[in-house]
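So this block is query.tsv, TSV, C-alpha atoms:
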```tsv
chain	number	residue	atom	x	y	z
A	1	MET	CA	186.20	120.96	-115.20
A	2	GLY	CA	186.19	123.95	-117.57
A	3	LEU	CA	183.05	125.99	-117.93
A	4	LEU	CA	182.68	124.76	-121.49
A	5	SER	CA	182.54	121.06	-120.72
A	6	MET	CA	179.19	119.44	-121.54
A	7	GLN	CA	177.18	118.39	-118.52
A	8	ARG	CA	175.33	115.11	-118.40
A	9	ASN	CA	172.47	114.30	-116.07
A	10	LEU	CA	172.47	110.87	-114.44
A	11	VAL	CA	169.82	109.25	-112.30
A	12	LEU	CA	171.55	107.20	-109.64
A	13	THR	CA	170.03	104.63	-107.29
A	14	LEU	CA	171.90	102.85	-104.52
A	15	THR	CA	170.71	100.28	-101.96
A	16	GLY	CA	172.81	98.48	-99.38
A	17	PRO	CA	173.94	98.21	-95.78
A	18	ASP	CA	173.17	101.22	-93.58
A	19	ARG	CA	176.41	102.45	-92.05
A	20	ILE	CA	177.66	105.76	-90.75
A	21	GLY	CA	179.58	107.49	-93.54
A	22	ILE	CA	177.81	106.02	-96.57
A	23	VAL	CA	176.39	109.42	-97.66
A	24	GLU	CA	179.81	111.05	-97.29
A	25	ASN	CA	181.32	108.16	-99.25
A	26	VAL	CA	178.95	108.34	-102.24
A	27	THR	CA	178.83	112.14	-102.45
A	28	GLY	CA	182.64	112.17	-102.15
A	29	LEU	CA	182.87	110.03	-105.31
A	30	LEU	CA	180.65	112.58	-107.08
A	31	VAL	CA	182.64	115.61	-105.93
A	32	ALA	CA	185.90	113.94	-107.04
A	33	ARG	CA	184.37	113.73	-110.56
A	34	ASP	CA	183.20	117.38	-110.47
A	35	GLY	CA	179.62	116.17	-110.12
A	36	ASN	CA	176.80	118.04	-108.42
A	37	VAL	CA	173.71	116.63	-106.70
A	38	GLU	CA	170.68	118.35	-108.24
A	39	ILE	CA	167.95	116.44	-106.37
A	40	SER	CA	168.26	113.69	-103.78
A	41	ARG	CA	166.02	111.41	-101.75
A	42	MET	CA	167.70	109.13	-99.22
A	43	ALA	CA	166.31	107.01	-96.41
A	44	ARG	CA	167.10	104.16	-94.09
A	45	LEU	CA	164.56	101.54	-95.10
A	46	GLY	CA	164.27	98.53	-92.80
A	47	GLY	CA	168.00	98.29	-92.06
A	48	GLU	CA	169.13	99.13	-95.60
A	49	PHE	CA	170.14	102.57	-96.79
A	50	ALA	CA	168.71	103.70	-100.12
A	51	MET	CA	169.54	106.73	-102.26
A	52	LEU	CA	167.91	108.25	-105.31
A	53	MET	CA	169.72	111.16	-106.95
A	54	LEU	CA	169.75	113.31	-110.04
A	55	VAL	CA	173.36	114.37	-110.54
A	56	SER	CA	175.03	116.53	-113.16
A	57	VAL	CA	178.55	115.63	-114.15
A	58	PRO	CA	180.92	116.64	-116.98
A	59	ALA	CA	180.44	114.30	-119.95
A	60	GLU	CA	184.06	113.13	-119.86
A	61	GLN	CA	183.67	112.02	-116.21
A	62	VAL	CA	180.59	109.82	-116.68
A	63	ALA	CA	182.44	106.57	-117.41
A	64	GLY	CA	184.85	107.11	-114.53
A	65	LEU	CA	182.03	107.87	-112.12
A	66	GLU	CA	180.16	104.75	-113.19
A	67	SER	CA	183.20	102.59	-112.54
A	68	ASP	CA	183.81	104.28	-109.14
A	69	LEU	CA	180.22	103.45	-108.21
A	70	GLU	CA	180.49	99.87	-109.46
A	71	ARG	CA	183.26	99.33	-106.92
A	72	LEU	CA	180.66	99.80	-104.16
A	73	ALA	CA	179.19	96.44	-105.25
A	74	ALA	CA	182.10	94.76	-103.41
A	75	GLN	CA	180.72	96.32	-100.20
A	76	GLY	CA	177.23	94.93	-100.83
A	77	TYR	CA	175.64	97.95	-102.54
A	78	LYS	CA	173.39	97.66	-105.58
A	79	VAL	CA	173.87	100.66	-107.83
A	80	THR	CA	172.14	101.69	-111.06
A	81	THR	CA	172.93	104.70	-113.24
A	82	THR	CA	170.74	105.96	-116.08
A	83	GLN	CA	171.54	108.86	-118.40
A	84	ALA	CA	168.55	111.20	-118.29
A	85	ARG	CA	167.13	112.11	-121.68
A	86	GLN	CA	165.97	115.61	-120.79
A	87	THR	CA	167.80	118.04	-118.58
A	88	HIS	CA	165.71	120.49	-116.61
A	89	ALA	CA	163.07	121.06	-119.27
A	90	GLU	CA	159.47	120.69	-118.18
A	91	ALA	CA	158.08	117.46	-119.56
A	92	HIS	CA	154.64	119.04	-119.81
A	93	PRO	CA	154.78	122.77	-120.61
A	94	GLY	CA	151.50	124.51	-119.80
A	95	TRP	CA	150.23	121.71	-117.56
A	96	LEU	CA	149.01	122.83	-114.16
A	97	PRO	CA	150.68	121.79	-110.92
A	98	TYR	CA	148.57	120.50	-108.02
A	99	ARG	CA	149.43	118.92	-104.71
A	100	ILE	CA	147.39	115.96	-103.44
A	101	GLU	CA	147.51	115.01	-99.74
A	102	VAL	CA	146.09	111.70	-98.51
A	103	HIS	CA	145.63	110.55	-94.89
A	104	GLY	CA	143.88	107.48	-93.48
A	105	ALA	CA	144.10	103.93	-92.24
A	106	ASP	CA	146.64	101.90	-94.19
A	107	HIS	CA	145.54	99.11	-96.48
A	108	GLU	CA	147.04	97.44	-99.54
A	109	GLY	CA	146.46	99.21	-102.79
A	110	ILE	CA	145.83	102.83	-101.78
A	111	ILE	CA	148.67	104.15	-103.94
A	112	GLN	CA	147.56	102.03	-106.87
A	113	GLU	CA	143.94	103.29	-106.62
A	114	VAL	CA	145.00	106.93	-106.52
A	115	ALA	CA	147.56	106.39	-109.30
A	116	ARG	CA	144.94	104.64	-111.46
A	117	TYR	CA	142.47	107.49	-110.96
A	118	LEU	CA	145.12	109.96	-112.11
A	119	SER	CA	146.51	107.99	-115.06
A	120	HIS	CA	143.02	107.33	-116.48
A	121	ARG	CA	142.56	111.10	-116.70
A	122	GLY	CA	145.98	111.67	-118.28
A	123	ILE	CA	147.36	113.33	-115.13
A	124	ASN	CA	151.11	112.88	-114.60
A	125	ILE	CA	152.68	112.18	-111.20
A	126	GLU	CA	155.72	114.46	-110.79
A	127	SER	CA	156.66	113.24	-107.31
A	128	MET	CA	155.09	111.15	-104.56
A	129	ASP	CA	156.13	110.42	-100.98
A	130	SER	CA	154.31	108.04	-98.66
A	131	GLU	CA	154.76	106.69	-95.14
A	132	THR	CA	153.02	104.09	-93.02
A	133	THR	CA	153.36	104.81	-89.31
A	134	PRO	CA	151.67	103.31	-86.24
A	135	ALA	CA	149.07	105.59	-84.64
A	136	PRO	CA	150.29	107.01	-81.27
A	137	ILE	CA	148.00	105.07	-78.90
A	138	SER	CA	146.23	102.32	-80.85
A	139	GLY	CA	149.26	101.33	-82.93
A	140	VAL	CA	146.94	100.98	-85.96
A	141	PRO	CA	148.97	101.66	-89.13
A	142	LEU	CA	148.25	105.09	-90.61
A	143	PHE	CA	148.96	106.01	-94.20
A	144	THR	CA	150.04	109.46	-95.38
A	145	MET	CA	150.92	110.44	-98.92
A	146	THR	CA	151.82	113.68	-100.66
A	147	ALA	CA	151.94	113.83	-104.44
A	148	GLU	CA	152.69	116.63	-106.87
A	149	VAL	CA	150.92	116.14	-110.19
A	150	ALA	CA	150.74	117.90	-113.58
A	151	VAL	CA	147.19	118.29	-114.94
A	152	PRO	CA	146.59	118.80	-118.69
A	153	PRO	CA	145.32	122.37	-119.34
A	154	ASP	CA	142.01	121.23	-120.90
A	155	LEU	CA	141.21	119.17	-117.79
A	156	ALA	CA	142.07	121.81	-115.19
A	157	ASP	CA	138.62	123.41	-114.86
A	158	GLN	CA	136.62	120.27	-115.60
A	159	GLY	CA	136.25	119.24	-111.96
A	160	TRP	CA	138.73	116.35	-112.10
A	161	GLU	CA	139.09	116.68	-108.29
A	162	ALA	CA	135.47	115.68	-107.64
A	163	GLY	CA	136.12	112.04	-108.49
A	164	LEU	CA	138.94	111.97	-105.94
A	165	GLU	CA	136.39	112.88	-103.27
A	166	GLU	CA	134.30	109.89	-104.28
A	167	LEU	CA	137.40	107.71	-104.17
A	168	SER	CA	138.28	109.04	-100.73
A	169	SER	CA	134.93	108.10	-99.22
A	170	HIS	CA	135.10	104.69	-100.94
A	171	LEU	CA	138.59	104.08	-99.48
A	172	ASN	CA	137.76	105.81	-96.18
A	173	LEU	CA	140.56	108.33	-96.61
A	174	GLU	CA	140.94	112.05	-96.31
A	175	ILE	CA	142.10	113.53	-99.63
A	176	ARG	CA	142.96	117.21	-100.11
A	177	VAL	CA	143.81	118.81	-103.46
A	178	VAL	CA	145.63	122.17	-103.61
A	179	ALA	CA	146.43	124.18	-106.75
A	180	MET	CA	150.11	125.10	-106.58
A	181	ARG	CA	150.01	128.37	-108.54
B	1	MET	CA	147.62	85.52	-98.07
B	2	GLY	CA	146.71	84.04	-94.68
B	3	LEU	CA	147.41	86.05	-91.56
B	4	LEU	CA	150.07	83.55	-90.57
B	5	SER	CA	152.24	83.88	-93.66
B	6	MET	CA	155.70	85.32	-92.94
B	7	GLN	CA	156.22	88.82	-94.27
B	8	ARG	CA	159.43	89.86	-95.96
B	9	ASN	CA	160.64	93.44	-96.37
B	10	LEU	CA	162.14	94.39	-99.73
B	11	VAL	CA	163.81	97.60	-100.76
B	12	LEU	CA	162.90	98.29	-104.37
B	13	THR	CA	164.43	100.84	-106.73
B	14	LEU	CA	163.22	101.56	-110.26
B	15	THR	CA	164.45	104.05	-112.86
B	16	GLY	CA	163.19	104.46	-116.41
B	17	PRO	CA	161.04	106.40	-118.85
B	18	ASP	CA	158.52	108.78	-117.30
B	19	ARG	CA	155.08	107.89	-118.58
B	20	ILE	CA	151.55	108.31	-117.30
B	21	GLY	CA	150.54	105.09	-115.56
B	22	ILE	CA	153.96	103.88	-114.37
B	23	VAL	CA	153.06	104.27	-110.66
B	24	GLU	CA	149.78	102.41	-111.18
B	25	ASN	CA	151.67	99.72	-113.09
B	26	VAL	CA	154.34	99.06	-110.44
B	27	THR	CA	152.01	99.29	-107.43
B	28	GLY	CA	149.58	97.01	-109.29
B	29	LEU	CA	152.28	94.31	-109.49
B	30	LEU	CA	152.75	94.66	-105.71
B	31	VAL	CA	149.05	94.45	-104.90
B	32	ALA	CA	148.69	91.35	-107.09
B	33	ARG	CA	151.35	89.70	-104.87
B	34	ASP	CA	149.61	90.82	-101.64
B	35	GLY	CA	152.38	93.35	-101.11
B	36	ASN	CA	152.08	96.62	-99.22
B	37	VAL	CA	154.07	99.83	-99.70
B	38	GLU	CA	155.47	100.82	-96.28
B	39	ILE	CA	157.49	103.85	-97.37
B	40	SER	CA	157.93	105.37	-100.82
B	41	ARG	CA	159.84	108.19	-102.49
B	42	MET	CA	159.18	108.80	-106.18
B	43	ALA	CA	160.12	111.64	-108.49
B	44	ARG	CA	160.48	112.63	-112.09
B	45	LEU	CA	164.19	113.34	-112.42
B	46	GLY	CA	165.30	115.00	-115.65
B	47	GLY	CA	162.87	113.09	-117.88
B	48	GLU	CA	163.25	109.77	-116.06
B	49	PHE	CA	160.93	108.48	-113.38
B	50	ALA	CA	162.57	107.01	-110.28
B	51	MET	CA	161.05	105.10	-107.35
B	52	LEU	CA	162.42	104.01	-104.00
B	53	MET	CA	160.16	101.83	-101.86
B	54	LEU	CA	160.17	99.67	-98.77
B	55	VAL	CA	157.53	97.00	-99.38
B	56	SER	CA	156.31	94.12	-97.25
B	57	VAL	CA	155.22	90.98	-99.07
B	58	PRO	CA	154.43	87.38	-98.03
B	59	ALA	CA	157.62	85.28	-98.15
B	60	GLU	CA	156.16	82.87	-100.72
B	61	GLN	CA	155.47	85.77	-103.12
B	62	VAL	CA	158.97	87.28	-103.14
B	63	ALA	CA	160.34	85.24	-106.06
B	64	GLY	CA	157.20	85.87	-108.12
B	65	LEU	CA	157.30	89.59	-107.45
B	66	GLU	CA	160.96	89.77	-108.41
B	67	SER	CA	160.26	88.09	-111.74
B	68	ASP	CA	157.24	90.36	-112.37
B	69	LEU	CA	159.52	93.36	-111.82
B	70	GLU	CA	162.27	91.96	-114.03
B	71	ARG	CA	159.80	91.99	-116.91
B	72	LEU	CA	159.79	95.81	-116.70
B	73	ALA	CA	163.37	95.70	-118.04
B	74	ALA	CA	161.90	95.02	-121.49
B	75	GLN	CA	160.24	98.45	-121.24
B	76	GLY	CA	163.53	100.16	-120.39
B	77	TYR	CA	163.29	100.18	-116.59
B	78	LYS	CA	166.22	99.36	-114.32
B	79	VAL	CA	164.98	97.59	-111.20
B	80	THR	CA	166.81	96.40	-108.09
B	81	THR	CA	165.36	94.49	-105.15
B	82	THR	CA	167.15	93.89	-101.84
B	83	GLN	CA	165.82	91.87	-98.92
B	84	ALA	CA	166.04	94.11	-95.86
B	85	ARG	CA	167.86	92.58	-92.90
B	86	GLN	CA	165.85	94.26	-90.18
B	87	THR	CA	162.14	94.86	-90.23
B	88	HIS	CA	160.85	97.87	-88.37
B	89	ALA	CA	163.29	97.70	-85.48
B	90	GLU	CA	165.19	100.85	-84.66
B	91	ALA	CA	168.78	100.48	-85.80
B	92	HIS	CA	169.91	102.70	-82.93
B	93	PRO	CA	167.75	102.29	-79.83
B	94	GLY	CA	168.18	105.19	-77.41
B	95	TRP	CA	169.76	107.48	-80.00
B	96	LEU	CA	168.19	110.94	-80.22
B	97	PRO	CA	166.40	112.19	-83.34
B	98	TYR	CA	167.20	115.66	-84.72
B	99	ARG	CA	166.21	117.44	-87.89
B	100	ILE	CA	168.81	119.49	-89.77
B	101	GLU	CA	167.69	122.12	-92.31
B	102	VAL	CA	170.13	123.71	-94.73
B	103	HIS	CA	169.52	126.63	-97.12
B	104	GLY	CA	171.94	128.59	-99.28
B	105	ALA	CA	173.59	129.11	-102.65
B	106	ASP	CA	174.30	125.81	-104.40
B	107	HIS	CA	177.83	124.59	-104.87
B	108	GLU	CA	179.44	121.19	-105.34
B	109	GLY	CA	180.11	119.27	-102.20
B	110	ILE	CA	177.63	120.71	-99.69
B	111	ILE	CA	176.05	117.34	-98.97
B	112	GLN	CA	179.45	115.70	-98.62
B	113	GLU	CA	180.66	118.36	-96.16
B	114	VAL	CA	177.59	118.04	-93.96
B	115	ALA	CA	177.67	114.22	-94.21
B	116	ARG	CA	181.37	114.19	-93.28
B	117	TYR	CA	180.76	116.40	-90.26
B	118	LEU	CA	178.06	114.00	-89.07
B	119	SER	CA	179.89	110.73	-89.76
B	120	HIS	CA	183.06	111.90	-87.99
B	121	ARG	CA	180.94	112.34	-84.84
B	122	GLY	CA	179.25	108.95	-85.23
B	123	ILE	CA	175.89	110.54	-86.11
B	124	ASN	CA	173.70	108.44	-88.42
B	125	ILE	CA	171.66	109.90	-91.29
B	126	GLU	CA	168.15	108.40	-91.18
B	127	SER	CA	166.82	110.29	-94.19
B	128	MET	CA	167.86	113.22	-96.34
B	129	ASP	CA	166.10	115.16	-99.10
B	130	SER	CA	167.70	117.90	-101.15
B	131	GLU	CA	166.72	120.13	-104.05
B	132	THR	CA	168.50	122.66	-106.22
B	133	THR	CA	166.14	125.28	-107.62
B	134	PRO	CA	166.73	128.57	-109.45
B	135	ALA	CA	166.06	131.66	-107.32
B	136	PRO	CA	162.86	133.49	-108.42
B	137	ILE	CA	164.43	136.62	-109.96
B	138	SER	CA	168.19	136.12	-110.27
B	139	GLY	CA	167.98	132.48	-111.43
B	140	VAL	CA	170.97	131.70	-109.17
B	141	PRO	CA	170.75	128.05	-108.07
B	142	LEU	CA	169.59	127.68	-104.47
B	143	PHE	CA	170.20	124.58	-102.38
B	144	THR	CA	167.83	123.28	-99.72
B	145	MET	CA	168.28	120.12	-97.68
B	146	THR	CA	166.39	118.49	-94.83
B	147	ALA	CA	167.95	115.58	-92.97
B	148	GLU	CA	166.76	113.49	-90.05
B	149	VAL	CA	169.65	112.12	-88.02
B	150	ALA	CA	170.15	109.85	-84.98
B	151	VAL	CA	172.64	111.19	-82.41
B	152	PRO	CA	174.38	108.80	-79.95
B	153	PRO	CA	173.07	109.44	-76.40
B	154	ASP	CA	176.51	110.34	-74.99
B	155	LEU	CA	176.92	113.03	-77.65
B	156	ALA	CA	173.48	114.65	-77.31
B	157	ASP	CA	174.35	117.26	-74.70
B	158	GLN	CA	177.96	117.77	-75.79
B	159	GLY	CA	177.19	120.68	-78.12
B	160	TRP	CA	177.68	118.73	-81.36
B	161	GLU	CA	175.49	121.35	-83.11
B	162	ALA	CA	178.05	124.15	-82.50
B	163	GLY	CA	180.44	122.80	-85.13
B	164	LEU	CA	177.64	122.86	-87.68
B	165	GLU	CA	177.34	126.61	-87.14
B	166	GLU	CA	181.03	126.99	-87.93
B	167	LEU	CA	180.54	124.84	-91.02
B	168	SER	CA	177.57	126.97	-92.09
B	169	SER	CA	179.53	130.22	-91.98
B	170	HIS	CA	182.44	128.54	-93.78
B	171	LEU	CA	180.08	127.30	-96.54
B	172	ASN	CA	177.94	130.47	-96.44
B	173	LEU	CA	174.82	128.48	-95.64
B	174	GLU	CA	171.98	128.77	-93.17
B	175	ILE	CA	171.84	125.63	-91.01
B	176	ARG	CA	169.12	124.99	-88.42
B	177	VAL	CA	169.09	122.05	-85.99
B	178	VAL	CA	165.86	121.01	-84.25
B	179	ALA	CA	165.50	118.29	-81.59
B	180	MET	CA	162.60	116.09	-82.67
B	181	ARG	CA	161.42	114.93	-79.26
```
In structure tokens, write the structure found in this file.
Amino acid sequence: MGLLSMQRNLVLTLTGPDRIGIVENVTGLLVARDGNVEISRMARLGGEFAMLMLVSVPAEQVAGLESDLERLAAQGYKVTTTQARQTHAEAHPGWLPYRIEVHGADHEGIIQEVARYLSHRGINIESMDSETTPAPISGVPLFTMTAEVAVPPDLADQGWEAGLEELSSHLNLEIRVVAMR
Amino acid sequence: MGLLSMQRNLVLTLTGPDRIGIVENVTGLLVARDGNVEISRMARLGGEFAMLMLVSVPAEQVAGLESDLERLAAQGYKVTTTQARQTHAEAHPGWLPYRIEVHGADHEGIIQEVARYLSHRGINIESMDSETTPAPISGVPLFTMTAEVAVPPDLADQGWEAGLEELSSHLNLEIRVVAMR
């Protein structure tokens, strides 16, 4: 664990039975290998517990960590690890960050329609969270989504947001776009 | 796709190369199988793109969807699917929801320490997000975490939060606990 040891970045996913202590268990395996959680997203999803993490770990501990994690398979957990190609470098230097917020009645395909609109303009999705929750009184499913995107510099002042407004009235959604800096 | 077809809930994870269009691609496979995204968490993590989703899909489409997703392996994506045992039922009826917010200097093991504190009291983590970001001027890594937890009813008014304050001064963190309803 010397300061000079090379760090590797791993993307880790885990899905399996929800039980008290699973987060302590998995992060304990990381700490024992001198690993650090850089970014995490975890949630109970329909009775399963799922984790998504970017972890940094000394290069010489990667194989050991992977075998520690594989042992969780015996407890019913599906685990994947992927060595990340880039570390913390921006994938798109000079691209402009925007946040997109979407609210409305849930129906199949909303995420795909928004994602298609963005990809056809060369806009990259940096992160995206969505929920479907029943409305307080009616119980009608409501959809909310927040995405952070990177917009190519030559597109930034070309009114790319206008088409999202058209899409929002077509899909009967409320869509808000906010420049992040 | 009749209204009477049984719905299945699947937890889906995907990790692989970040490229424009990957979200459209994966959600397009779901829509083609009459699937709906109930909850999603997606992020670019160190050059990789990672997705975590709870999807509902007609029972007769599950096998087809799984084989559609397996085909993404040829493009370098690691995919797991898990049939969720429970649907939308609360895992812990009557337990009380709290939000825990943590801010401070990053060091290995913060998540494990907080998770251990909670699991030893029988408190369940419903969701947890964390980030490590460099501080604006000093560049020192800062840690932020937000967790939603379910507290057993007999523990709720027993001052379980007090121990977290002790933990926060021990770890030199700011920890805030908010009852959610």
Practice task
Enumerate as a ChimeraX atom specification the residues belonging to chain B that approach chain A to within 7 Å, with only C-alpha atoms taken into account.
Solution key: /B:11,13,20-21,23-24,27-28,31,35-36,38-48,54,84-88,91,108-109,111-112,115-116,119,122-124,126-132
Where does chain A end up after superposition onto chain B over all in-order Cα pairs? Give it as a short mmCIF file (atom, residue, chain, number, x, y, z; two decimals) with C-alpha atoms, in the coordinates of the input.
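Once written, part_33.cif looks like this:
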```
data_model
loop_
_atom_site.label_atom_id
_atom_site.label_comp_id
_atom_site.auth_asym_id
_atom_site.auth_seq_id
_atom_site.Cartn_x
_atom_site.Cartn_y
_atom_site.Cartn_z
CA MET A 1 147.60 85.58 -98.08
CA GLY A 2 146.72 84.05 -94.70
CA LEU A 3 147.43 86.01 -91.56
CA LEU A 4 150.08 83.48 -90.61
CA SER A 5 152.25 83.86 -93.69
CA MET A 6 155.70 85.32 -92.98
CA GLN A 7 156.22 88.82 -94.30
CA ARG A 8 159.43 89.86 -95.97
CA ASN A 9 160.61 93.42 -96.39
CA LEU A 10 162.13 94.37 -99.74
CA VAL A 11 163.80 97.58 -100.77
CA LEU A 12 162.90 98.28 -104.37
CA THR A 13 164.43 100.83 -106.73
CA LEU A 14 163.22 101.54 -110.25
CA THR A 15 164.45 104.03 -112.86
CA GLY A 16 163.20 104.45 -116.41
CA PRO A 17 161.06 106.38 -118.85
CA ASP A 18 158.54 108.78 -117.30
CA ARG A 19 155.09 107.89 -118.59
CA ILE A 20 151.57 108.31 -117.30
CA GLY A 21 150.55 105.09 -115.54
CA ILE A 22 153.96 103.87 -114.38
CA VAL A 23 153.07 104.26 -110.67
CA GLU A 24 149.78 102.42 -111.18
CA ASN A 25 151.67 99.72 -113.10
CA VAL A 26 154.34 99.05 -110.45
CA THR A 27 152.01 99.28 -107.44
CA GLY A 28 149.56 97.00 -109.30
CA LEU A 29 152.27 94.31 -109.50
CA LEU A 30 152.74 94.65 -105.72
CA VAL A 31 149.03 94.44 -104.91
CA ALA A 32 148.67 91.34 -107.12
CA ARG A 33 151.34 89.69 -104.89
CA ASP A 34 149.60 90.81 -101.66
CA GLY A 35 152.38 93.33 -101.10
CA ASN A 36 152.07 96.61 -99.23
CA VAL A 37 154.07 99.82 -99.70
CA GLU A 38 155.46 100.79 -96.29
CA ILE A 39 157.50 103.83 -97.38
CA SER A 40 157.94 105.35 -100.82
CA ARG A 41 159.85 108.16 -102.48
CA MET A 42 159.19 108.77 -106.17
CA ALA A 43 160.14 111.62 -108.47
CA ARG A 44 160.48 112.62 -112.08
CA LEU A 45 164.19 113.32 -112.40
CA GLY A 46 165.29 114.99 -115.63
CA GLY A 47 162.87 113.08 -117.87
CA GLU A 48 163.26 109.75 -116.05
CA PHE A 49 160.93 108.47 -113.37
CA ALA A 50 162.56 107.00 -110.27
CA MET A 51 161.05 105.09 -107.35
CA LEU A 52 162.42 104.00 -104.00
CA MET A 53 160.17 101.81 -101.86
CA LEU A 54 160.15 99.65 -98.78
CA VAL A 55 157.51 96.99 -99.39
CA SER A 56 156.29 94.10 -97.28
CA VAL A 57 155.22 90.97 -99.09
CA PRO A 58 154.42 87.37 -98.05
CA ALA A 59 157.60 85.28 -98.16
CA GLU A 60 156.16 82.87 -100.73
CA GLN A 61 155.46 85.77 -103.14
CA VAL A 62 158.96 87.27 -103.16
CA ALA A 63 160.32 85.25 -106.09
CA GLY A 64 157.21 85.87 -108.16
CA LEU A 65 157.30 89.59 -107.46
CA GLU A 66 160.96 89.76 -108.44
CA SER A 67 160.26 88.08 -111.75
CA ASP A 68 157.23 90.36 -112.40
CA LEU A 69 159.51 93.35 -111.83
CA GLU A 70 162.27 91.95 -114.03
CA ARG A 71 159.81 91.99 -116.92
CA LEU A 72 159.80 95.81 -116.71
CA ALA A 73 163.39 95.69 -118.03
CA ALA A 74 161.91 95.02 -121.50
CA GLN A 75 160.24 98.46 -121.24
CA GLY A 76 163.54 100.17 -120.39
CA TYR A 77 163.29 100.17 -116.58
CA LYS A 78 166.22 99.35 -114.31
CA VAL A 79 164.98 97.59 -111.20
CA THR A 80 166.82 96.39 -108.09
CA THR A 81 165.36 94.47 -105.15
CA THR A 82 167.14 93.88 -101.84
CA GLN A 83 165.81 91.85 -98.92
CA ALA A 84 166.02 94.08 -95.86
CA ARG A 85 167.82 92.55 -92.90
CA GLN A 86 165.81 94.26 -90.18
CA THR A 87 162.10 94.91 -90.25
CA HIS A 88 160.85 97.95 -88.41
CA ALA A 89 163.27 97.74 -85.50
CA GLU A 90 165.18 100.89 -84.66
CA ALA A 91 168.76 100.51 -85.78
CA HIS A 92 169.90 102.71 -82.91
CA PRO A 93 167.73 102.32 -79.79
CA GLY A 94 168.19 105.22 -77.38
CA TRP A 95 169.77 107.51 -79.97
CA LEU A 96 168.21 110.95 -80.21
CA PRO A 97 166.42 112.20 -83.30
CA TYR A 98 167.21 115.65 -84.70
CA ARG A 99 166.22 117.44 -87.86
CA ILE A 100 168.81 119.50 -89.76
CA GLU A 101 167.68 122.12 -92.30
CA VAL A 102 170.15 123.71 -94.72
CA HIS A 103 169.53 126.63 -97.11
CA GLY A 104 171.95 128.59 -99.29
CA ALA A 105 173.59 129.10 -102.65
CA ASP A 106 174.29 125.80 -104.39
CA HIS A 107 177.83 124.59 -104.88
CA GLU A 108 179.42 121.17 -105.35
CA GLY A 109 180.09 119.26 -102.20
CA ILE A 110 177.62 120.72 -99.68
CA ILE A 111 176.04 117.34 -98.95
CA GLN A 112 179.43 115.70 -98.63
CA GLU A 113 180.66 118.37 -96.16
CA VAL A 114 177.59 118.04 -93.96
CA ALA A 115 177.67 114.23 -94.20
CA ARG A 116 181.38 114.19 -93.28
CA TYR A 117 180.76 116.42 -90.25
CA LEU A 118 178.07 114.01 -89.06
CA SER A 119 179.88 110.73 -89.76
CA HIS A 120 183.05 111.91 -87.98
CA ARG A 121 180.95 112.35 -84.84
CA GLY A 122 179.25 108.96 -85.21
CA ILE A 123 175.89 110.55 -86.11
CA ASN A 124 173.69 108.44 -88.41
CA ILE A 125 171.66 109.90 -91.28
CA GLU A 126 168.15 108.40 -91.16
CA SER A 127 166.80 110.29 -94.17
CA MET A 128 167.87 113.22 -96.34
CA ASP A 129 166.09 115.16 -99.08
CA SER A 130 167.69 117.90 -101.15
CA GLU A 131 166.70 120.14 -104.05
CA THR A 132 168.49 122.66 -106.22
CA THR A 133 166.12 125.28 -107.62
CA PRO A 134 166.72 128.57 -109.44
CA ALA A 135 166.05 131.66 -107.32
CA PRO A 136 162.85 133.50 -108.43
CA ILE A 137 164.42 136.62 -109.97
CA SER A 138 168.18 136.11 -110.29
CA GLY A 139 167.96 132.48 -111.42
CA VAL A 140 170.96 131.70 -109.17
CA PRO A 141 170.74 128.05 -108.06
CA LEU A 142 169.59 127.68 -104.45
CA PHE A 143 170.20 124.60 -102.37
CA THR A 144 167.82 123.28 -99.71
CA MET A 145 168.26 120.13 -97.68
CA THR A 146 166.39 118.49 -94.82
CA ALA A 147 167.94 115.59 -92.95
CA GLU A 148 166.76 113.50 -90.03
CA VAL A 149 169.66 112.13 -88.00
CA ALA A 150 170.15 109.85 -84.97
CA VAL A 151 172.65 111.20 -82.41
CA PRO A 152 174.38 108.82 -79.95
CA PRO A 153 173.09 109.45 -76.38
CA ASP A 154 176.54 110.37 -74.98
CA LEU A 155 176.96 113.06 -77.65
CA ALA A 156 173.52 114.65 -77.31
CA ASP A 157 174.39 117.30 -74.70
CA GLN A 158 177.99 117.80 -75.78
CA GLY A 159 177.23 120.69 -78.13
CA TRP A 160 177.70 118.73 -81.36
CA GLU A 161 175.53 121.37 -83.11
CA ALA A 162 178.07 124.16 -82.52
CA GLY A 163 180.46 122.81 -85.13
CA LEU A 164 177.65 122.86 -87.70
CA GLU A 165 177.36 126.61 -87.13
CA GLU A 166 181.04 126.99 -87.93
CA LEU A 167 180.56 124.86 -91.03
CA SER A 168 177.59 126.96 -92.09
CA SER A 169 179.53 130.22 -91.99
CA HIS A 170 182.46 128.55 -93.80
CA LEU A 171 180.10 127.30 -96.55
CA ASN A 172 177.95 130.46 -96.46
CA LEU A 173 174.81 128.50 -95.64
CA GLU A 174 172.00 128.77 -93.17
CA ILE A 175 171.85 125.64 -91.00
CA ARG A 176 169.13 125.01 -88.40
CA VAL A 177 169.10 122.06 -85.98
CA VAL A 178 165.87 121.02 -84.22
CA ALA A 179 165.50 118.31 -81.57
CA MET A 180 162.61 116.09 -82.64
CA ARG A 181 161.41 114.95 -79.21
#
```
Practice task
Have a look at B:Ala74, B:Ala156, B:Val151, B:Ala105 and name the one nearest to Ala135 (chain B); count all atoms listed in the file.
Solution key: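 Closest candidate: B:Ala105.
Our summary of the geometry notes that CA of Val177 (chain A) is positioned 11.4 Å from CA of Gly163 (chain A).
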Practice task
Can you work out the spacing between CA of Ala150 (chain B) and CA of Ile175 (chain B) in Å, to one decimal?
Solution key: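 Atom-to-atom, CA of Ala150 (chain B) and CA of Ile175 (chain B) are spaced 17.0 Å apart.
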